$ cat target08.cif   # mmCIF, C-alpha atoms
data_run
#
loop_
_atom_site.label_atom_id
_atom_site.label_comp_id
_atom_site.auth_asym_id
_atom_site.auth_seq_id
_atom_site.Cartn_x
_atom_site.Cartn_y
_atom_site.Cartn_z
CA MET A 253 28.70 -25.04 28.51
CA ARG A 254 26.04 -24.57 31.18
CA ARG A 255 24.67 -21.46 32.86
CA ASP A 256 22.01 -21.27 35.56
CA TYR A 257 19.57 -18.46 36.30
CA GLN A 258 17.00 -17.64 38.95
CA LEU A 259 13.82 -15.66 38.20
CA THR A 260 13.82 -12.54 40.37
CA ASN A 261 10.82 -10.23 39.81
CA GLY A 262 10.33 -11.73 36.40
CA LYS A 263 13.94 -11.19 35.35
CA PRO A 264 16.52 -13.99 35.01
CA VAL A 265 19.56 -13.44 37.21
CA GLU A 266 22.62 -15.62 36.72
CA ILE A 267 23.62 -17.69 39.76
CA GLU A 268 25.99 -20.51 40.58
CA SER A 269 25.65 -23.56 38.40
CA GLY A 270 23.34 -26.38 39.44
CA SER A 271 20.70 -24.62 41.55
CA GLY A 272 18.63 -22.37 39.29
CA GLN A 273 15.10 -22.40 37.93
CA ILE A 274 16.50 -21.96 34.42
CA SER A 275 19.42 -23.91 32.98
CA VAL A 276 20.93 -22.87 29.65
CA PHE A 277 23.08 -25.37 27.77
CA ILE A 278 25.19 -23.77 25.03
CA ASN A 279 26.29 -26.26 22.37
CA PRO A 280 26.28 -29.10 24.92
CA ASP A 281 29.07 -31.66 24.75
CA ASP A 282 28.57 -35.42 25.00
CA THR A 283 28.59 -35.39 28.80
CA GLU A 284 25.94 -32.67 28.97
CA LYS A 285 23.83 -34.41 26.32
CA LYS A 286 23.99 -37.61 28.34
CA TYR A 287 22.82 -35.68 31.41
CA LEU A 288 19.93 -34.13 29.49
CA VAL A 289 18.81 -37.46 28.05
CA ASP A 290 19.42 -39.76 31.01
CA GLU A 291 18.73 -37.51 33.98
CA LEU A 292 16.14 -35.06 32.62
CA LYS A 293 14.57 -37.57 30.20
CA LEU A 294 14.76 -35.35 27.13
CA ASP A 295 14.01 -37.11 23.88
CA GLU A 296 17.17 -37.48 21.78
CA HIS A 297 15.41 -36.37 18.60
CA THR A 298 13.94 -33.30 20.31
CA LEU A 299 17.34 -32.45 21.75
CA ALA A 300 18.94 -32.76 18.31
CA SER A 301 16.20 -30.49 16.91
CA ALA A 302 17.29 -27.67 19.21
CA LEU A 303 20.75 -27.78 17.61
CA ASP A 304 19.57 -28.25 14.00
CA PRO A 305 19.24 -24.95 12.05
CA ASP A 306 16.91 -26.60 9.52
CA GLU A 307 14.41 -27.89 12.09
CA LEU A 308 10.89 -26.44 12.06
CA SER A 309 9.25 -24.87 15.10
CA ARG A 310 7.02 -27.23 17.00
CA LEU A 311 5.38 -28.06 20.33
CA GLU A 312 5.57 -31.51 21.92
CA PHE A 313 4.18 -32.85 25.19
CA GLU A 314 6.36 -35.40 26.96
CA PRO A 315 5.47 -37.29 30.18
CA GLU A 316 7.61 -35.03 32.39
CA HIS A 317 7.98 -31.82 30.37
CA VAL A 318 6.80 -29.71 27.45
CA ALA A 319 9.23 -29.25 24.55
CA VAL A 320 9.13 -26.01 22.53
CA ILE A 321 11.36 -25.62 19.46
CA PHE A 322 11.35 -22.17 17.83
CA LYS A 323 13.38 -20.37 15.17
CA ARG A 324 15.58 -17.33 15.79
CA PRO A 325 17.94 -15.24 13.63
CA LEU A 326 21.63 -15.78 14.15
CA ASN A 327 23.92 -12.82 14.70
CA TYR A 328 25.32 -11.60 11.39
CA VAL A 329 29.07 -11.65 10.79
CA SER A 330 30.95 -10.11 7.87
CA GLY A 331 32.19 -13.50 6.69
CA ASP A 332 28.63 -14.55 5.83
CA GLN A 333 28.69 -12.37 2.69
CA PHE A 334 25.19 -10.90 3.18
CA LEU A 335 23.66 -14.27 4.08
CA PHE A 336 21.47 -13.87 7.17
CA LYS A 337 21.15 -17.27 8.81
CA VAL A 338 18.59 -18.72 11.19
CA GLY A 339 19.00 -21.21 14.02
CA SER A 340 16.84 -23.22 16.40
CA THR A 341 16.31 -22.95 20.15
CA GLY A 342 14.89 -25.62 22.40
CA ALA A 343 12.99 -24.73 25.57
CA TYR A 344 11.96 -27.63 27.81
CA LEU A 345 9.43 -26.72 30.48
CA PHE A 346 9.24 -28.90 33.59
CA ARG A 347 6.95 -28.52 36.58
CA ASP A 348 9.35 -26.33 38.56
CA ARG A 349 12.16 -25.46 36.16
CA MET A 350 13.06 -24.84 32.53
CA VAL A 351 15.97 -26.03 30.38
CA ILE A 352 17.08 -24.10 27.29
CA VAL A 353 19.39 -25.57 24.64
CA VAL A 354 21.07 -23.39 21.98
CA SER A 355 23.82 -24.07 19.47
CA ASP A 356 25.78 -20.84 20.02
CA ASP A 357 26.56 -18.45 22.86
CA VAL A 358 23.91 -15.76 22.55
CA ALA A 359 22.53 -13.26 25.06
CA LEU A 360 19.11 -14.87 25.40
CA PHE A 361 17.79 -12.60 28.14
CA ASP A 362 19.08 -9.21 27.00
CA GLY A 363 16.33 -6.73 26.16
CA LEU A 364 13.49 -8.74 27.70
CA GLN A 365 10.60 -6.58 28.79
CA ASN A 366 9.98 -6.77 32.53
CA ARG A 367 6.20 -6.56 32.85
CA GLY A 368 5.48 -8.02 36.27
CA SER A 369 6.33 -11.46 37.56
CA PHE A 370 6.56 -14.19 34.91
CA SER A 371 6.73 -17.92 35.42
CA PRO A 372 9.17 -20.12 33.42
CA ALA A 373 6.32 -20.75 30.97
CA GLY A 374 5.88 -17.01 30.50
CA LEU A 375 9.61 -16.66 29.92
CA ILE A 376 9.23 -18.79 26.77
CA LEU A 377 6.84 -16.17 25.42
CA LYS A 378 9.36 -13.46 26.25
CA LEU A 379 12.07 -15.33 24.37
CA ILE A 380 9.85 -15.75 21.31
CA PHE A 381 8.84 -12.08 21.45
CA ARG A 382 12.50 -11.03 21.65
CA THR A 383 13.18 -13.28 18.65
CA ILE A 384 10.53 -11.44 16.65
CA ILE A 385 12.14 -8.09 17.52
CA HIS A 386 15.49 -9.53 16.41
CA PHE A 387 13.95 -10.61 13.09
CA ARG A 388 12.50 -7.13 12.58
CA GLY A 389 15.86 -5.48 13.22
CA HIS A 390 17.51 -7.72 10.63
CA LEU A 391 14.81 -6.88 8.09
CA LYS A 392 15.65 -3.19 8.46
CA VAL A 393 19.35 -3.95 7.90
CA ILE A 394 18.54 -6.08 4.84
CA SER A 395 16.49 -3.22 3.41
CA LYS A 396 19.39 -0.77 3.81
CA ILE A 397 21.89 -3.21 2.28
CA SER A 398 19.52 -3.78 -0.63
CA ASP A 399 19.32 -0.04 -1.33
CA ASP A 400 23.13 0.26 -1.31
CA LEU A 401 23.51 -2.71 -3.67
CA GLN A 402 20.97 -1.22 -6.07
CA ASP A 403 23.01 1.98 -6.28
CA LYS A 404 26.16 -0.05 -6.98
CA ILE A 405 24.41 -2.07 -9.70
CA ASN A 406 23.29 1.15 -11.39
CA LYS A 407 26.93 2.28 -11.56
CA SER A 408 28.68 -1.02 -12.24
CA LEU A 409 28.12 -4.23 -14.20
CA GLU A 410 30.06 -6.41 -11.75
CA ASN A 411 28.56 -9.82 -11.00
CA ARG A 412 29.52 -9.50 -7.32
CA ASN A 413 26.71 -7.04 -6.64
CA LEU A 414 24.11 -9.23 -8.33
CA ILE A 415 25.30 -12.26 -6.37
CA ASP A 416 24.95 -10.28 -3.14
CA MET A 417 21.38 -9.38 -4.11
CA PHE A 418 20.57 -13.04 -4.73
CA THR A 419 22.05 -13.87 -1.31
CA LEU A 420 19.82 -11.29 0.38
CA GLN A 421 16.80 -12.73 -1.39
CA LYS A 422 17.79 -16.20 -0.15
CA SER A 423 18.02 -14.84 3.40
CA LEU A 424 14.52 -13.39 3.19
CA VAL A 425 13.16 -16.76 2.09
CA TYR A 426 14.70 -18.32 5.21
CA TYR A 427 13.19 -15.57 7.34
CA VAL A 428 9.71 -15.98 5.86
CA ASN A 429 9.80 -19.73 6.47
CA SER A 430 11.07 -19.26 10.05
CA LEU A 431 8.47 -16.63 10.94
CA ASN A 432 5.71 -18.71 9.44
CA SER A 433 6.90 -21.71 11.46
CA ASN A 434 7.01 -19.62 14.65
CA GLY A 435 3.48 -18.40 13.94
CA VAL A 436 2.20 -21.96 13.82
CA LEU A 437 3.98 -22.64 17.11
CA ILE A 438 2.40 -19.61 18.82
CA GLU A 439 -1.03 -20.75 17.66
CA LYS A 440 -0.39 -24.15 19.22
CA LEU A 441 0.76 -22.52 22.45
CA ARG A 442 -2.47 -20.55 22.60
CA ASN A 443 -4.59 -23.64 21.91
CA HIS A 444 -2.85 -25.56 24.72
CA ALA A 445 -2.50 -22.61 27.11
CA ALA A 446 -4.41 -24.31 29.94
CA ARG A 447 -2.38 -27.50 29.65
CA ILE A 448 0.90 -25.57 29.70
CA GLY A 449 -0.24 -23.40 32.60
CA PHE A 450 -0.11 -19.82 31.31
CA THR A 451 -1.44 -17.12 33.63
CA PRO A 452 -4.01 -14.56 32.38
CA GLU A 453 -1.24 -11.98 32.04
CA GLU A 454 0.84 -14.43 30.03
CA LEU A 455 -2.15 -15.20 27.80
CA GLU A 456 -2.42 -11.49 27.02
CA SER A 457 1.30 -11.49 26.19
CA LEU A 458 0.73 -14.54 23.98
CA ASP A 459 -1.85 -12.67 21.89
CA ASP A 460 0.51 -9.69 21.54
CA THR A 461 3.32 -12.02 20.47
CA LEU A 462 1.12 -13.61 17.79
CA ILE A 463 0.17 -10.19 16.40
CA GLU A 464 3.80 -9.05 16.33
CA ASN A 465 4.88 -12.26 14.59
CA ASN A 466 2.18 -11.92 11.93
CA GLN A 467 3.18 -8.32 11.25
CA CYS A 468 6.85 -9.27 11.01
CA LEU A 469 5.95 -12.16 8.70
CA LYS A 470 4.04 -9.81 6.38
CA GLN A 471 6.95 -7.37 6.38
CA ALA A 472 9.41 -10.14 5.48
CA ASP A 473 7.07 -11.49 2.80
CA ILE A 474 6.63 -8.05 1.23
CA SER A 475 10.38 -7.38 1.36
CA SER A 476 11.05 -10.73 -0.29
CA SER A 477 8.54 -10.03 -3.07
CA ILE A 478 9.92 -6.53 -3.67
CA LEU A 479 13.50 -7.77 -3.76
CA ALA A 480 12.56 -10.57 -6.16
CA GLY A 481 10.89 -8.05 -8.48
CA LEU A 482 13.85 -5.70 -8.22
CA MET A 483 16.21 -8.55 -9.04
CA ASP A 484 14.35 -9.28 -12.27
CA ALA A 485 14.28 -5.58 -13.14
CA ARG A 486 17.99 -5.13 -12.34
CA VAL A 487 18.96 -8.12 -14.46
CA SER A 488 16.98 -6.66 -17.37
CA ILE A 489 18.61 -3.25 -16.86
CA VAL A 490 22.07 -4.78 -16.77
CA SER A 491 21.34 -6.71 -19.97
CA ASN A 492 20.03 -3.55 -21.63
CA ASN A 493 23.11 -1.57 -20.51
CA LEU A 494 25.30 -4.30 -21.95
CA ASN A 495 23.41 -4.15 -25.25
CA MET A 496 23.84 -0.37 -25.39
CA LEU A 497 27.54 -0.74 -24.70
CA MET A 498 27.92 -3.32 -27.46
CA LYS A 499 25.99 -1.05 -29.82
CA THR A 500 28.34 1.84 -29.09
CA LEU A 501 31.38 -0.35 -29.65
CA ASN A 502 29.95 -1.58 -32.97
CA ILE A 503 29.38 2.00 -34.13
CA ILE A 504 32.98 2.89 -33.30
CA THR A 505 34.30 -0.25 -35.00
CA ILE A 506 32.32 0.27 -38.22
CA ALA A 507 33.13 3.98 -38.29
CA ILE A 508 36.85 3.10 -38.17
CA MET A 509 36.68 0.19 -40.61
CA VAL A 510 35.23 2.20 -43.54
CA PRO A 511 37.94 4.91 -43.67
CA THR A 512 40.52 2.19 -43.05
CA LEU A 513 39.27 0.44 -46.20
CA VAL A 514 39.65 3.65 -48.22
CA VAL A 515 43.21 4.19 -47.00
CA SER A 516 44.06 0.53 -47.60
CA ILE A 517 42.93 0.71 -51.22
CA PHE A 518 45.19 3.67 -51.92
CA SER A 519 48.05 1.90 -50.13
CA MET A 520 48.21 -1.01 -52.58
CA ASN A 521 51.56 -1.66 -54.26
CA VAL A 522 50.09 -1.17 -57.77
CA THR A 523 49.42 1.72 -60.09
CA ILE A 524 46.53 3.71 -58.70
CA PRO A 525 45.11 7.17 -59.36
CA LEU A 526 46.59 10.24 -57.67
CA GLN A 527 49.95 8.62 -56.93
CA GLU A 528 51.73 11.26 -59.02
CA ARG A 529 50.03 14.22 -57.37
CA GLY A 530 51.59 15.94 -54.38
CA GLU A 531 48.29 16.58 -52.64
CA ALA A 532 47.23 12.91 -52.89
CA PHE A 533 47.60 12.38 -49.14
CA TRP A 534 45.05 15.05 -48.31
CA ILE A 535 42.68 13.88 -51.01
CA ILE A 536 42.77 10.33 -49.64
CA MET A 537 42.24 11.57 -46.08
CA GLY A 538 39.30 13.59 -47.35
CA PHE A 539 37.77 10.47 -48.88
CA ALA A 540 38.26 8.65 -45.56
CA VAL A 541 36.53 11.41 -43.60
CA LEU A 542 33.67 11.55 -46.10
CA SER A 543 33.19 7.78 -45.92
CA MET A 544 33.04 7.90 -42.12
CA ALA A 545 30.56 10.78 -42.23
CA GLY A 546 28.44 8.81 -44.69
CA VAL A 547 28.33 5.81 -42.40
CA MET A 548 27.31 7.97 -39.44
CA ALA A 549 24.60 9.69 -41.49
CA LEU A 550 23.23 6.32 -42.64
CA TRP A 551 23.27 5.08 -39.02
CA ARG A 552 21.22 8.07 -37.87
CA LEU A 553 18.86 7.82 -40.84
CA LYS A 554 18.08 4.17 -40.10
CA LYS A 555 17.89 4.94 -36.34
CA TRP A 556 20.14 2.01 -35.55
#
$ encode --input "target08.cif" --output "structure tokens"
Amino acid sequence: MRRDYQLTNGKPVEIESGSGQISVFINPDDTEKKYLVDELKLDEHTLASALDPDELSRLEFEPEHVAVIFKRPLNYVSGDQFLFKVGSTGAYLFRDRMVIVVSDDVALFDGLQNRGSFSPAGLILKLIFRTIIHFRGHLKVISKISDDLQDKINKSLENRNLIDMFTLQKSLVYYVNSLNSNGVLIEKLRNHAARIGFTPEELESLDDTLIENNQCLKQADISSSILAGLMDARVSIVSNNLNMLMKTLNIITIAIMVPTLVVSIFSMNVTIPLQERGEAFWIIMGFAVLSMAGVMALWRLKKW
């Protein structure tokens, strides 16, 4: 699917297809891919990179355009089971236009800051900056989910909660790798700013974007380290709770077995003491209670 936009006062405005400064291809079909490769001379590998969620961010200079591949967080859906995924976006900057290729229909231009007139090259910086804000929002959500799961683990020994924690930790690893990859890309954009054609205002925005990305990367790295430490601690706590539960069950089992043995002895079908006495039942029950009390006293004495 294709959408076209025109930059009006630095803000993309959607127009009729085929005549805009910015063309967005959403999960392009074979016909659109053929147009991008044959007509616009996009490299097939670079085009495939824009649709590959495992591709690293990078900057490439082609004869007729500049290719920028950067990472962005995908919108979370409940079916992902606490797995926050990342995707790739390809921005191809020509002399007088820009082509963007994404794998899913996402509102690329929502929430962009309108700080004066930006060229198509400056719009790439806006997209990367918006991606960083998106990452930061997801990190806040992950932190809240982690706190809720910790409370559930404290109250329950279900494996489901631990699996969800492992999934969150996996998501943070993806985020750290993506932010680190984007940071390398921003550094390359700054080093080749003159070749790309950034204006002084866009260069200032580039420095701000790099700072924001580094801060978000540190936040993700810290969150990942904390969650990893909490996972180890929670696993130890769960194991300790299980040991305490088994200890309690063993105490109950042994406390029942000893008086059961006493009663069993006096229940044998042979001649035994007290069988002629009317109060034998109460005497035997007394022995059973005393034996159980003895076991409990020994347990406390040994501090088992």
$ resolve_selection --input "target08.cif" --expression "the PyMOL selection byres ((chain A and resi 396-411) around 10)" --output "PyMOL selection string"
chain A and resi 334+390-395+412-417+420-421+479+482-483+486-487+489-491+493-494
$ atom_distance --input "target08.cif" --atom1 "CA of Val265 in chain A" --atom2 "CA of Arg310 in chain A"
27.5 Å
$ atom_distance --input "target08.cif" --atom1 "CA of Lys470 in chain A" --atom2 "CA of Val428 in chain A"
8.4 Å
$ resolve_selection --input "target08.cif" --expression "the PyMOL selection byres ((chain A and resi 307-309) around 10)" --output "ChimeraX atom specification"
/A:298,300-306,310-311,320-324,339-342,429-438
$ residues_around --input "target08.cif" --residues "range 504-515 of chain A" --least-positions-apart "2" --cutoff "12 Å" --atoms "only C-alpha atoms" --output "ChimeraX atom specification"
/A:497-502,517-520,532-551
$ resolve_selection --input "target08.cif" --expression "the PyMOL selection byres ((chain A and resi 255) around 9)" --output "list in words"
Met253, Arg254, Asp256, Tyr257, Glu266, Ile267, Glu268, Ser269, Gly270, Gly272, Ile274, Ser275, Val276, Phe277 and Ile278 of chain A
$ residues_around --input "target08.cif" --residues "Leu458 in chain A" --least-positions-apart "5" --cutoff "10 Å" --atoms "all atoms listed in the file" --output "PyMOL selection string"
chain A and resi 374+376-378+380-381+438-439+441-442+445+450+452-453+463-464
$ closest_atom_pairs --input "target08.cif" --of "range 309-338 of chain A" --to "range 349-364 of chain A" --cutoff "10 Å" --atoms "all atoms listed in the file" --output "Markdown table"
| residue | atom | partner | partner_atom | distance |
| --- | --- | --- | --- | --- |
| A:His317 | CA | A:Met350 | CA | 8.9 |
| A:Val318 | CA | A:Met350 | CA | 9.4 |
| A:Ala319 | CA | A:Val351 | CA | 9.5 |
| A:Val320 | CA | A:Ile352 | CA | 9.5 |
| A:Ile321 | CA | A:Val353 | CA | 9.6 |
| A:Leu326 | CA | A:Val358 | CA | 8.7 |
| A:Asn327 | CA | A:Val358 | CA | 8.4 |
$ atom_distance --input "target08.cif" --atom1 "CA of Arg388 in chain A" --atom2 "CA of Tyr427 in chain A"
10.0 Å
$ axis_aligned_box --input "target08.cif" --around "range 333-345 of chain A" --padding-each-side "5 Å" --output "JSON"
{"center_x": 19.1, "center_y": -19.3, "center_z": 16.6, "size_x": 29.3, "size_y": 26.7, "size_z": 37.8}
$ closest_residue --input "target08.cif" --among "A:Gly331, A:Pro315, A:Pro325, A:Pro372" --to "Ala343 in chain A" --atoms "all atoms listed in the file"
A:Pro372
$ closest_residue --input "target08.cif" --among "A:Pro264, A:Leu345, A:Ile385, A:Gln333" --to "Leu292 in chain A" --atoms "all atoms listed in the file"
A:Leu345
$ build_atoms --input "target08.cif" --residues "range 272-283 of chain A" --atoms "all heavy atoms" --output "PDB file, in the coordinates of the input"
ATOM      1  N   GLY A 272      19.534 -23.399  39.775  1.00  0.00           N
ATOM      2  CA  GLY A 272      18.630 -22.370  39.290  1.00  0.00           C
ATOM      3  C   GLY A 272      17.343 -22.918  38.718  1.00  0.00           C
ATOM      4  O   GLY A 272      17.206 -24.114  38.435  1.00  0.00           O
ATOM      5  N   GLN A 273      16.345 -22.031  38.585  1.00  0.00           N
ATOM      6  CA  GLN A 273      15.100 -22.400  37.930  1.00  0.00           C
ATOM      7  C   GLN A 273      15.279 -22.596  36.430  1.00  0.00           C
ATOM      8  O   GLN A 273      14.523 -23.332  35.811  1.00  0.00           O
ATOM      9  CB  GLN A 273      14.044 -21.309  38.164  1.00  0.00           C
ATOM     10  CG  GLN A 273      13.516 -21.211  39.577  1.00  0.00           C
ATOM     11  CD  GLN A 273      12.520 -20.088  39.703  1.00  0.00           C
ATOM     12  OE1 GLN A 273      12.902 -18.916  39.770  1.00  0.00           O
ATOM     13  NE2 GLN A 273      11.243 -20.431  39.722  1.00  0.00           N
ATOM     14  N   ILE A 274      16.265 -21.908  35.871  1.00  0.00           N
ATOM     15  CA  ILE A 274      16.500 -21.960  34.420  1.00  0.00           C
ATOM     16  C   ILE A 274      17.934 -22.399  34.184  1.00  0.00           C
ATOM     17  O   ILE A 274      18.874 -21.818  34.724  1.00  0.00           O
ATOM     18  CB  ILE A 274      16.255 -20.586  33.777  1.00  0.00           C
ATOM     19  CG1 ILE A 274      14.849 -20.081  34.096  1.00  0.00           C
ATOM     20  CG2 ILE A 274      16.477 -20.661  32.267  1.00  0.00           C
ATOM     21  CD1 ILE A 274      14.625 -18.652  33.714  1.00  0.00           C
ATOM     22  N   SER A 275      18.097 -23.421  33.363  1.00  0.00           N
ATOM     23  CA  SER A 275      19.420 -23.910  32.980  1.00  0.00           C
ATOM     24  C   SER A 275      19.584 -23.759  31.481  1.00  0.00           C
ATOM     25  O   SER A 275      18.724 -24.222  30.722  1.00  0.00           O
ATOM     26  CB  SER A 275      19.612 -25.377  33.382  1.00  0.00           C
ATOM     27  OG  SER A 275      19.519 -25.538  34.782  1.00  0.00           O
ATOM     28  N   VAL A 276      20.651 -23.100  31.071  1.00  0.00           N
ATOM     29  CA  VAL A 276      20.930 -22.870  29.650  1.00  0.00           C
ATOM     30  C   VAL A 276      22.152 -23.688  29.264  1.00  0.00           C
ATOM     31  O   VAL A 276      23.227 -23.527  29.854  1.00  0.00           O
ATOM     32  CB  VAL A 276      21.164 -21.375  29.367  1.00  0.00           C
ATOM     33  CG1 VAL A 276      21.475 -21.168  27.880  1.00  0.00           C
ATOM     34  CG2 VAL A 276      19.947 -20.553  29.771  1.00  0.00           C
ATOM     35  N   PHE A 277      21.977 -24.557  28.282  1.00  0.00           N
ATOM     36  CA  PHE A 277      23.080 -25.370  27.770  1.00  0.00           C
ATOM     37  C   PHE A 277      23.461 -24.849  26.388  1.00  0.00           C
ATOM     38  O   PHE A 277      22.647 -24.864  25.461  1.00  0.00           O
ATOM     39  CB  PHE A 277      22.674 -26.842  27.694  1.00  0.00           C
ATOM     40  CG  PHE A 277      22.523 -27.508  29.025  1.00  0.00           C
ATOM     41  CD1 PHE A 277      21.326 -27.406  29.730  1.00  0.00           C
ATOM     42  CD2 PHE A 277      23.568 -28.210  29.589  1.00  0.00           C
ATOM     43  CE1 PHE A 277      21.173 -28.010  30.966  1.00  0.00           C
ATOM     44  CE2 PHE A 277      23.430 -28.822  30.835  1.00  0.00           C
ATOM     45  CZ  PHE A 277      22.235 -28.721  31.526  1.00  0.00           C
ATOM     46  N   ILE A 278      24.689 -24.365  26.271  1.00  0.00           N
ATOM     47  CA  ILE A 278      25.190 -23.770  25.030  1.00  0.00           C
ATOM     48  C   ILE A 278      26.055 -24.789  24.314  1.00  0.00           C
ATOM     49  O   ILE A 278      27.118 -25.169  24.814  1.00  0.00           O
ATOM     50  CB  ILE A 278      25.979 -22.486  25.321  1.00  0.00           C
ATOM     51  CG1 ILE A 278      25.114 -21.497  26.097  1.00  0.00           C
ATOM     52  CG2 ILE A 278      26.484 -21.858  24.028  1.00  0.00           C
ATOM     53  CD1 ILE A 278      25.875 -20.332  26.671  1.00  0.00           C
ATOM     54  N   ASN A 279      25.587 -25.247  23.150  1.00  0.00           N
ATOM     55  CA  ASN A 279      26.290 -26.260  22.370  1.00  0.00           C
ATOM     56  C   ASN A 279      26.793 -27.383  23.281  1.00  0.00           C
ATOM     57  O   ASN A 279      28.003 -27.599  23.421  1.00  0.00           O
ATOM     58  CB  ASN A 279      27.463 -25.630  21.604  1.00  0.00           C
ATOM     59  CG  ASN A 279      28.026 -26.567  20.541  1.00  0.00           C
ATOM     60  OD1 ASN A 279      27.352 -27.497  20.100  1.00  0.00           O
ATOM     61  ND2 ASN A 279      29.263 -26.330  20.137  1.00  0.00           N
ATOM     62  N   PRO A 280      25.888 -28.104  23.909  1.00  0.00           N
ATOM     63  CA  PRO A 280      26.280 -29.100  24.920  1.00  0.00           C
ATOM     64  C   PRO A 280      27.200 -30.175  24.350  1.00  0.00           C
ATOM     65  O   PRO A 280      27.026 -30.624  23.216  1.00  0.00           O
ATOM     66  CB  PRO A 280      24.941 -29.689  25.362  1.00  0.00           C
ATOM     67  CG  PRO A 280      23.996 -29.414  24.240  1.00  0.00           C
ATOM     68  CD  PRO A 280      24.439 -28.112  23.652  1.00  0.00           C
ATOM     69  N   ASP A 281      28.178 -30.578  25.155  1.00  0.00           N
ATOM     70  CA  ASP A 281      29.070 -31.660  24.750  1.00  0.00           C
ATOM     71  C   ASP A 281      28.409 -33.004  25.053  1.00  0.00           C
ATOM     72  O   ASP A 281      27.253 -33.074  25.493  1.00  0.00           O
ATOM     73  CB  ASP A 281      30.424 -31.527  25.462  1.00  0.00           C
ATOM     74  CG  ASP A 281      30.285 -31.449  26.977  1.00  0.00           C
ATOM     75  OD1 ASP A 281      29.261 -31.931  27.512  1.00  0.00           O
ATOM     76  OD2 ASP A 281      31.186 -30.892  27.639  1.00  0.00           O
ATOM     77  N   ASP A 282      29.142 -34.083  24.829  1.00  0.00           N
ATOM     78  CA  ASP A 282      28.570 -35.420  25.000  1.00  0.00           C
ATOM     79  C   ASP A 282      28.142 -35.671  26.439  1.00  0.00           C
ATOM     80  O   ASP A 282      27.101 -36.298  26.693  1.00  0.00           O
ATOM     81  CB  ASP A 282      29.583 -36.471  24.554  1.00  0.00           C
ATOM     82  CG  ASP A 282      29.838 -36.421  23.053  1.00  0.00           C
ATOM     83  OD1 ASP A 282      28.971 -35.896  22.338  1.00  0.00           O
ATOM     84  OD2 ASP A 282      30.902 -36.897  22.608  1.00  0.00           O
ATOM     85  N   THR A 283      28.929 -35.194  27.396  1.00  0.00           N
ATOM     86  CA  THR A 283      28.590 -35.390  28.800  1.00  0.00           C
ATOM     87  C   THR A 283      27.292 -34.670  29.159  1.00  0.00           C
ATOM     88  O   THR A 283      26.419 -35.221  29.844  1.00  0.00           O
ATOM     89  CB  THR A 283      29.723 -34.892  29.709  1.00  0.00           C
ATOM     90  OG1 THR A 283      30.931 -35.595  29.387  1.00  0.00           O
ATOM     91  CG2 THR A 283      29.384 -35.120  31.171  1.00  0.00           C
TER      92      THR A 283
END
